[in-house]
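As provided, protein20.csv (CSV, C-alpha atoms and all ligand atoms) reads as follows.
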```csv
chain,number,residue,atom,x,y,z
H,120,MET,CA,-8.9,13.4,-7.5
H,121,SER,CA,-8.8,14.1,-3.7
H,122,SER,CA,-5.5,13.7,-1.8
H,123,THR,CA,-6.9,10.6,-0.2
H,124,LEU,CA,-5.0,7.4,-1.2
H,125,ILE,CA,-6.2,3.9,-1.1
H,126,VAL,CA,-3.7,1.1,-1.9
H,127,LEU,CA,-5.1,-2.4,-2.3
H,128,ASN,CA,-2.5,-5.1,-1.7
H,129,LEU,CA,-3.4,-8.3,-3.5
H,130,LYS,CA,-0.8,-10.3,-1.6
H,131,THR,CA,-1.0,-13.9,-2.9
H,132,TYR,CA,-4.7,-14.1,-2.6
H,133,LEU,CA,-5.4,-14.5,-6.3
H,134,GLU,CA,-4.2,-17.6,-8.0
H,135,GLY,CA,-4.1,-18.2,-11.7
H,136,THR,CA,-2.8,-16.3,-14.7
H,137,GLY,CA,-3.2,-12.8,-13.5
H,138,GLU,CA,-6.7,-12.3,-14.9
H,139,GLY,CA,-8.0,-12.1,-11.3
H,140,ALA,CA,-5.6,-9.3,-10.6
H,141,VAL,CA,-6.7,-7.4,-13.7
H,142,LYS,CA,-10.4,-7.8,-12.8
H,143,VAL,CA,-9.8,-6.4,-9.2
H,144,ALA,CA,-7.7,-3.6,-10.7
H,145,GLN,CA,-10.5,-2.8,-13.1
H,146,ALA,CA,-13.0,-2.6,-10.2
H,147,CYS,CA,-10.5,-0.2,-8.4
H,148,LYS,CA,-10.3,1.9,-11.5
H,149,GLU,CA,-14.0,2.2,-11.9
H,150,VAL,CA,-14.6,3.1,-8.2
H,151,ALA,CA,-11.7,5.6,-8.4
H,152,ASP,CA,-13.2,7.3,-11.4
H,153,ASP,CA,-16.7,7.4,-9.8
H,154,SER,CA,-15.5,8.6,-6.4
H,155,GLY,CA,-12.6,10.9,-7.3
H,156,ILE,CA,-10.4,9.0,-4.8
H,157,GLU,CA,-7.0,7.7,-5.9
H,158,ILE,CA,-6.9,3.9,-5.7
H,159,GLY,CA,-3.7,1.9,-6.4
H,160,VAL,CA,-3.2,-1.8,-6.5
H,161,ALA,CA,-0.2,-3.9,-5.5
H,162,PRO,CA,-0.3,-7.2,-7.4
H,163,GLN,CA,2.3,-10.0,-7.5
H,164,PHE,CA,5.6,-9.0,-9.3
H,165,CYS,CA,4.7,-11.2,-12.3
H,166,ASP,CA,1.3,-9.5,-12.7
H,167,ILE,CA,2.6,-5.9,-12.6
H,168,TYR,CA,3.0,-5.7,-16.4
H,169,ARG,CA,-0.3,-7.4,-17.1
H,170,VAL,CA,-2.2,-5.1,-14.7
H,171,ALA,CA,-0.4,-1.9,-15.7
H,172,SER,CA,-0.8,-2.5,-19.4
H,173,GLN,CA,-4.5,-3.4,-19.2
H,174,VAL,CA,-5.8,-1.0,-16.5
H,175,ASP,CA,-5.1,2.7,-16.2
H,176,LEU,CA,-4.5,3.0,-12.5
H,177,PRO,CA,-1.4,3.3,-10.2
H,178,VAL,CA,0.3,0.0,-9.8
H,179,TYR,CA,2.7,-0.7,-6.9
H,180,SER,CA,5.2,-3.4,-6.3
H,181,GLN,CA,4.8,-5.4,-3.1
H,182,SER,CA,8.5,-4.9,-2.4
H,183,LEU,CA,11.8,-4.5,-4.2
H,184,ASP,CA,15.4,-5.4,-3.6
H,185,PRO,CA,18.1,-2.7,-3.4
H,186,VAL,CA,20.2,-4.1,-6.2
H,187,GLY,CA,21.3,-2.6,-9.4
H,188,ALA,CA,21.8,-4.1,-12.8
H,189,GLY,CA,24.4,-6.8,-12.8
H,190,SER,CA,25.3,-10.1,-11.1
H,191,PHE,CA,22.2,-10.5,-8.9
H,192,THR,CA,20.0,-13.6,-9.0
H,193,GLY,CA,16.5,-14.0,-7.6
H,194,HIS,CA,16.0,-10.3,-6.8
H,195,ALA,CA,13.2,-7.9,-7.5
H,196,PHE,CA,15.1,-5.4,-9.7
H,197,VAL,CA,13.8,-1.9,-9.5
H,198,GLN,CA,14.3,-1.1,-13.2
H,199,SER,CA,12.3,-4.2,-14.2
H,200,ILE,CA,9.5,-3.2,-11.8
H,201,LYS,CA,9.5,0.3,-13.2
H,202,ASP,CA,9.6,-0.8,-16.8
H,203,ALA,CA,6.7,-3.2,-16.1
H,204,GLY,CA,4.6,-0.2,-15.3
H,205,ALA,CA,4.7,0.3,-11.5
H,206,VAL,CA,4.6,3.8,-10.1
H,207,GLY,CA,5.6,2.9,-6.6
H,208,THR,CA,6.4,0.2,-4.2
H,209,LEU,CA,5.6,-1.1,-0.7
H,210,ILE,CA,8.7,-1.5,1.5
H,211,ASN,CA,9.0,-3.5,4.7
H,212,HIS,CA,5.5,-5.0,4.7
H,213,SER,CA,4.9,-7.0,7.9
H,214,GLU,CA,4.9,-10.1,5.7
H,215,CYS,CA,8.2,-9.1,4.0
H,216,ARG,CA,10.2,-7.4,6.7
H,217,LEU,CA,13.6,-5.8,6.2
H,218,THR,CA,16.4,-4.6,8.3
H,219,LEU,CA,16.6,-0.8,8.9
H,220,ALA,CA,19.6,-0.6,6.6
H,221,ASN,CA,17.7,-2.4,3.8
H,222,ILE,CA,14.6,-0.2,4.3
H,223,ASP,CA,16.9,2.8,3.8
H,224,ALA,CA,18.6,1.3,0.7
H,225,SER,CA,15.2,0.3,-0.7
H,226,ILE,CA,13.9,3.8,-0.4
H,227,THR,CA,17.0,5.2,-2.1
H,228,THR,CA,16.8,2.6,-4.9
H,229,ALA,CA,13.1,3.3,-5.5
H,230,ARG,CA,13.5,7.1,-5.3
H,231,ASN,CA,16.4,7.0,-7.8
H,232,ALA,CA,14.1,5.2,-10.2
H,233,ALA,CA,11.3,7.8,-9.5
H,234,LEU,CA,9.1,5.3,-7.8
H,235,LYS,CA,6.9,6.4,-4.9
H,236,THR,CA,7.7,4.7,-1.6
H,237,ILE,CA,5.3,3.4,1.1
H,238,VAL,CA,7.2,2.1,4.1
H,239,CYS,CA,5.1,-0.2,6.3
H,240,THR,CA,5.6,0.0,10.1
H,241,ASN,CA,4.1,-1.9,13.0
H,242,ASN,CA,4.0,0.7,15.8
H,243,VAL,CA,4.7,4.4,16.6
H,244,ALA,CA,8.4,3.9,17.2
H,245,THR,CA,8.9,2.2,13.8
H,246,SER,CA,6.8,4.9,12.2
H,247,ALA,CA,9.1,7.5,13.6
H,248,ALA,CA,12.2,5.6,12.5
H,249,ALA,CA,10.7,5.2,9.0
H,250,ALA,CA,9.9,8.9,8.7
H,251,ALA,CA,13.5,9.7,9.4
H,252,LEU,CA,14.4,7.8,6.2
H,253,GLY,CA,12.2,10.1,4.1
H,254,PRO,CA,9.7,7.9,2.2
H,255,ASP,CA,6.7,9.4,0.5
H,256,TYR,CA,4.3,7.5,2.9
H,257,VAL,CA,4.5,5.5,6.1
H,258,ALA,CA,1.7,2.9,6.4
H,259,VAL,CA,1.2,1.8,10.0
H,260,GLU,CA,-0.3,-1.6,10.5
H,261,PRO,CA,-0.4,-3.5,13.8
H,262,PRO,CA,0.5,-7.1,12.6
H,263,GLU,CA,-2.0,-8.7,15.0
H,264,LEU,CA,-4.9,-6.9,13.2
H,265,ILE,CA,-3.8,-7.8,9.6
H,266,GLY,CA,-6.4,-10.0,8.0
H,267,SER,CA,-8.5,-10.0,11.2
H,268,GLY,CA,-11.4,-8.0,9.9
H,269,ILE,CA,-11.0,-5.8,13.1
H,270,PRO,CA,-10.2,-2.3,11.8
H,271,VAL,CA,-7.1,-0.6,13.3
H,272,SER,CA,-9.0,2.7,13.3
H,273,LYS,CA,-11.3,1.1,16.0
H,274,ALA,CA,-9.1,-1.4,17.8
H,275,ASP,CA,-6.0,0.7,18.1
H,276,PRO,CA,-6.7,4.4,17.1
H,277,GLU,CA,-3.7,5.5,19.2
H,278,VAL,CA,-1.2,3.8,16.9
H,279,VAL,CA,-2.6,5.9,14.1
H,280,THR,CA,-2.7,9.2,15.9
H,281,GLY,CA,0.7,8.5,17.5
H,282,SER,CA,2.2,7.7,14.2
H,283,VAL,CA,0.7,10.8,12.6
H,284,GLU,CA,2.1,12.9,15.4
H,285,ALA,CA,5.6,11.3,15.4
H,286,VAL,CA,5.9,11.4,11.6
H,287,LYS,CA,4.9,15.0,11.5
H,288,ARG,CA,7.4,15.9,14.1
H,289,ILE,CA,10.3,14.1,12.4
H,290,ASN,CA,9.5,14.8,8.7
H,291,PRO,CA,6.4,16.8,7.9
H,292,ALA,CA,6.8,15.9,4.2
H,293,VAL,CA,6.0,12.3,4.9
H,294,GLN,CA,2.3,11.3,4.8
H,295,VAL,CA,0.7,8.6,6.9
H,296,LEU,CA,-1.5,5.7,5.7
H,297,CYS,CA,-2.9,3.1,8.1
H,298,GLY,CA,-4.0,-0.4,7.5
H,299,ALA,CA,-5.1,-3.8,9.1
H,300,GLY,CA,-8.7,-4.9,9.2
H,301,ILE,CA,-9.9,-2.0,7.1
H,302,SER,CA,-12.9,-2.9,4.9
H,303,LYS,CA,-15.9,-0.6,5.4
H,304,GLY,CA,-16.7,3.0,4.6
H,305,GLU,CA,-16.7,3.8,8.3
H,306,ASP,CA,-13.2,2.4,8.7
H,307,LEU,CA,-11.8,4.7,6.0
H,308,ALA,CA,-13.7,7.7,7.4
H,309,ALA,CA,-12.3,6.9,10.9
H,310,ALA,CA,-8.8,6.5,9.5
H,311,LEU,CA,-9.0,10.0,7.9
H,312,GLU,CA,-10.4,11.4,11.1
H,313,LEU,CA,-7.4,10.1,13.0
H,314,GLY,CA,-5.1,12.1,10.7
H,315,SER,CA,-4.0,9.6,8.1
H,316,VAL,CA,-4.4,10.4,4.4
H,317,GLY,CA,-5.6,7.0,3.4
H,318,VAL,CA,-5.4,3.3,3.9
H,319,LEU,CA,-3.5,0.2,2.8
H,320,LEU,CA,-5.8,-2.8,2.8
H,321,ALA,CA,-6.2,-6.3,1.4
H,322,SER,CA,-8.5,-9.1,2.6
H,323,GLY,CA,-11.7,-7.1,3.1
H,324,ILE,CA,-11.7,-6.3,-0.6
H,325,VAL,CA,-9.8,-9.0,-2.3
H,326,LYS,CA,-11.6,-11.8,-0.5
H,327,ALA,CA,-15.1,-10.2,-0.8
H,328,ALA,CA,-17.7,-12.0,-2.9
H,329,ASP,CA,-18.0,-8.8,-4.9
H,330,PRO,CA,-14.8,-6.7,-4.7
H,331,LYS,CA,-16.3,-3.8,-6.6
H,332,ALA,CA,-19.3,-3.5,-4.2
H,333,ALA,CA,-16.8,-3.7,-1.3
H,334,LEU,CA,-14.8,-0.9,-2.8
H,335,GLU,CA,-17.9,1.2,-3.3
H,336,ASP,CA,-18.8,0.7,0.4
H,337,LEU,CA,-15.2,1.6,1.3
H,338,VAL,CA,-15.4,5.1,-0.3
H,339,SER,CA,-19.1,5.7,0.5
H,340,LYS,CA,-18.4,7.8,3.7
H,341,VAL,CA,-15.7,10.1,2.4
H,401,LIG,O1,-1.2,-4.7,3.0
H,401,LIG,C1,-2.3,-4.8,3.6
H,401,LIG,C2,-2.3,-5.0,5.0
H,401,LIG,O2,-1.5,-6.0,5.5
H,401,LIG,C3,-3.7,-5.1,5.6
H,401,LIG,O3,-4.3,-6.4,5.3
H,401,LIG,P1,-5.8,-6.6,5.6
H,401,LIG,O4,-6.6,-5.5,5.0
H,401,LIG,O5,-6.1,-7.9,5.1
H,401,LIG,O6,-5.9,-6.6,7.1
```
Please render this file's structure as structure tokens.
Ligand SMILES: O=C[C@H](O)COP(=O)(O)O
Amino acid sequence: MSSTLIVLNLKTYLEGTGEGAVKVAQACKEVADDSGIEIGVAPQFCDIYRVASQVDLPVYSQSLDPVGAGSFTGHAFVQSIKDAGAVGTLINHSECRLTLANIDASITTARNAALKTIVCTNNVATSAAAAALGPDYVAVEPPELIGSGIPVSKADPEVVTGSVEAVKRINPAVQVLCGAGISKGEDLAAALELGSVGVLLASGIVKAADPKAALEDLVSKV
């Protein structure tokens, strides 16, 4: 496997019993095996167990709550997420934003459970702030480009290079992903050219008529 990382966020695009998530995850696994590029998938909470137990690929939670075992209701409990088979979690996605204090607490909670952490950010300043909290990855995504089909690597390359530079300056151990509008091989190649180590993406693959073909195109230029 190369050090490039692709994380496919299924958001709430797939309705039904979770079979759709398993099918997309299986396509990710096949393309990862063929390309040698690590591909992870972030399904709905309730599909983590189904996906992780049926497909041998890294599964991420779409978020988690910084609560321990005990008197907490309606929270995404880290130990349940881990026991369901997740290896990591997104934190502070643009569609599930947290306060800075809760981002910090979520990173600590995930790290204590040995889950990888991907903190999403919306600009260079928040990438710098996130890097100071020491996650494994910062994933910079301008919200206006999310789901737009317009790749961040073309529309706003400076937010990627600026985040890479800021993160490196603040905490060189943190790696940078980028996302928003990424769907094609040229988008991933451009993202890597800009200094990120991979991409966080969703609609371009999940909503494609043939997600496996879309994934094959995504990795075709690396
Ligand atoms: O989590 C994924 C990002 O929000 C990007 O979404 P998108 O690929 O649909 O633009």
Check: Which of these, H:Pro291, H:Gly298, H:Gly193, H:Gly187, has the shortest distance to ligand LIG 401 (chain H) once you count all atoms listed in the file?
Finding: H:Gly298
Next item on the list: Please identify all polymer residues within 9 Å of Leu296 (chain H), counting only C-alpha atoms, omitting same-chain residues fewer than 5 positions from it, and present them as a PyMOL selection string.
Entry: chain H and resi 124-125+237+239+256-260+279+283+310-311+314-319
Margin query: If we count all atoms listed in the file and set the cut-off at 8 Å, which residues sit around Val160 (chain H), ignoring sequence neighbours fewer than 2 positions away in its own chain? Please answer as a list in words.
Written below: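 Contacts, in chain order: Val126, Leu127, Asn128, Leu129, Ala144, Cys147, Ile158, Pro162, Leu176, Pro177, Val178 and Tyr179 of chain H.
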Item checked: Nearest-residue call for Ile210 (chain H), choices H:Gly268, H:Pro254, H:Gly189, H:Gly323, using all atoms listed in the file -> H:Pro254
Margin query: My list of candidates is H:Ala285, H:Cys297, H:Ile200, H:Ala220. Which is closest to ligand LIG 401 (chain H) when distances are computed with all atoms listed in the file?
Written below: H:Cys297
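With distances restricted to only C-alpha atoms and all ligand atoms, H:Ser213 is the closest residue to ligand LIG 401 (chain H) from H:Ser199, H:Ser225, H:Thr218, H:Ser213.
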Notebook entry, point to check: Pick from H:Leu183, H:Val143, H:Leu320, H:Val170: nearest to ligand LIG 401 (chain H), with only C-alpha atoms and all ligand atoms counted?
Noted result: H:Leu320
Note to self: Within 10 Å of (3.8, -7.6, 6.3) (file coordinates; only C-alpha atoms), which protein or nucleic acid residues are there? I'd like them as a ChimeraX atom specification.
What the structure shows: /H:130,181,209-217,239-241,260-262,265
Please write the residues from the selection above to a file, keeping C-alpha atoms, as a PDB file, in the frame of the given file.
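What ended up in part.pdb:
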```pdb
ATOM      1  CA  LYS H 130      -0.800 -10.300  -1.600  1.00  0.00           C
ATOM      2  CA  GLN H 181       4.800  -5.400  -3.100  1.00  0.00           C
ATOM      3  CA  LEU H 209       5.600  -1.100  -0.700  1.00  0.00           C
ATOM      4  CA  ILE H 210       8.700  -1.500   1.500  1.00  0.00           C
ATOM      5  CA  ASN H 211       9.000  -3.500   4.700  1.00  0.00           C
ATOM      6  CA  HIS H 212       5.500  -5.000   4.700  1.00  0.00           C
ATOM      7  CA  SER H 213       4.900  -7.000   7.900  1.00  0.00           C
ATOM      8  CA  GLU H 214       4.900 -10.100   5.700  1.00  0.00           C
ATOM      9  CA  CYS H 215       8.200  -9.100   4.000  1.00  0.00           C
ATOM     10  CA  ARG H 216      10.200  -7.400   6.700  1.00  0.00           C
ATOM     11  CA  LEU H 217      13.600  -5.800   6.200  1.00  0.00           C
ATOM     12  CA  CYS H 239       5.100  -0.200   6.300  1.00  0.00           C
ATOM     13  CA  THR H 240       5.600   0.000  10.100  1.00  0.00           C
ATOM     14  CA  ASN H 241       4.100  -1.900  13.000  1.00  0.00           C
ATOM     15  CA  GLU H 260      -0.300  -1.600  10.500  1.00  0.00           C
ATOM     16  CA  PRO H 261      -0.400  -3.500  13.800  1.00  0.00           C
ATOM     17  CA  PRO H 262       0.500  -7.100  12.600  1.00  0.00           C
ATOM     18  CA  ILE H 265      -3.800  -7.800   9.600  1.00  0.00           C
TER      19      ILE H 265
END
```
Next item on the list: Go through H:Ala151, H:Val341, H:Val325, H:Ile167 one by one, measure the shortest atom-to-atom distance of each to ligand LIG 401 (chain H) using all atoms listed in the file, and give the residue with the smallest value.
Entry: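 Smallest separation from ligand LIG 401 (chain H) among the options: H:Val325.
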Margin query: As an exercise, work out the distance from CA of Ile289 (chain H) to CA of Ser272 (chain H) in Å and give it to one decimal place.
Written below: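 According to the coordinates, CA of Ile289 (chain H) and CA of Ser272 (chain H) are separated by 22.4 Å.
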Find the spatial neighbours of Ile226 (chain H), counting all atoms listed in the file, within a cut-off of 10 Å - ignore same-chain residues fewer than 5 positions away - and output them as a PDB file with C-alpha atoms, in the frame of the given file.
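New file selection05.pdb:
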```pdb
ATOM      1  CA  LEU H 183      11.800  -4.500  -4.200  1.00  0.00           C
ATOM      2  CA  ASP H 184      15.400  -5.400  -3.600  1.00  0.00           C
ATOM      3  CA  PRO H 185      18.100  -2.700  -3.400  1.00  0.00           C
ATOM      4  CA  THR H 208       6.400   0.200  -4.200  1.00  0.00           C
ATOM      5  CA  LEU H 209       5.600  -1.100  -0.700  1.00  0.00           C
ATOM      6  CA  ILE H 210       8.700  -1.500   1.500  1.00  0.00           C
ATOM      7  CA  ASN H 221      17.700  -2.400   3.800  1.00  0.00           C
ATOM      8  CA  ASN H 231      16.400   7.000  -7.800  1.00  0.00           C
ATOM      9  CA  ALA H 232      14.100   5.200 -10.200  1.00  0.00           C
ATOM     10  CA  LEU H 234       9.100   5.300  -7.800  1.00  0.00           C
ATOM     11  CA  LYS H 235       6.900   6.400  -4.900  1.00  0.00           C
ATOM     12  CA  THR H 236       7.700   4.700  -1.600  1.00  0.00           C
ATOM     13  CA  ILE H 237       5.300   3.400   1.100  1.00  0.00           C
ATOM     14  CA  VAL H 238       7.200   2.100   4.100  1.00  0.00           C
ATOM     15  CA  LEU H 252      14.400   7.800   6.200  1.00  0.00           C
ATOM     16  CA  GLY H 253      12.200  10.100   4.100  1.00  0.00           C
ATOM     17  CA  PRO H 254       9.700   7.900   2.200  1.00  0.00           C
ATOM     18  CA  ASP H 255       6.700   9.400   0.500  1.00  0.00           C
TER      19      ASP H 255
END
```
Check: Separation of CA of Ile156 (chain H) and CA of Gln198 (chain H), in Å?
Finding: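 Calculated distance between CA of Ile156 (chain H) and CA of Gln198 (chain H) is 28.0 Å.
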Next item on the list: Quote the spacing between CA of Glu149 (chain H) and CA of Asp336 (chain H) in Å to one decimal place.
Entry: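 So the answer is 13.3 Å.
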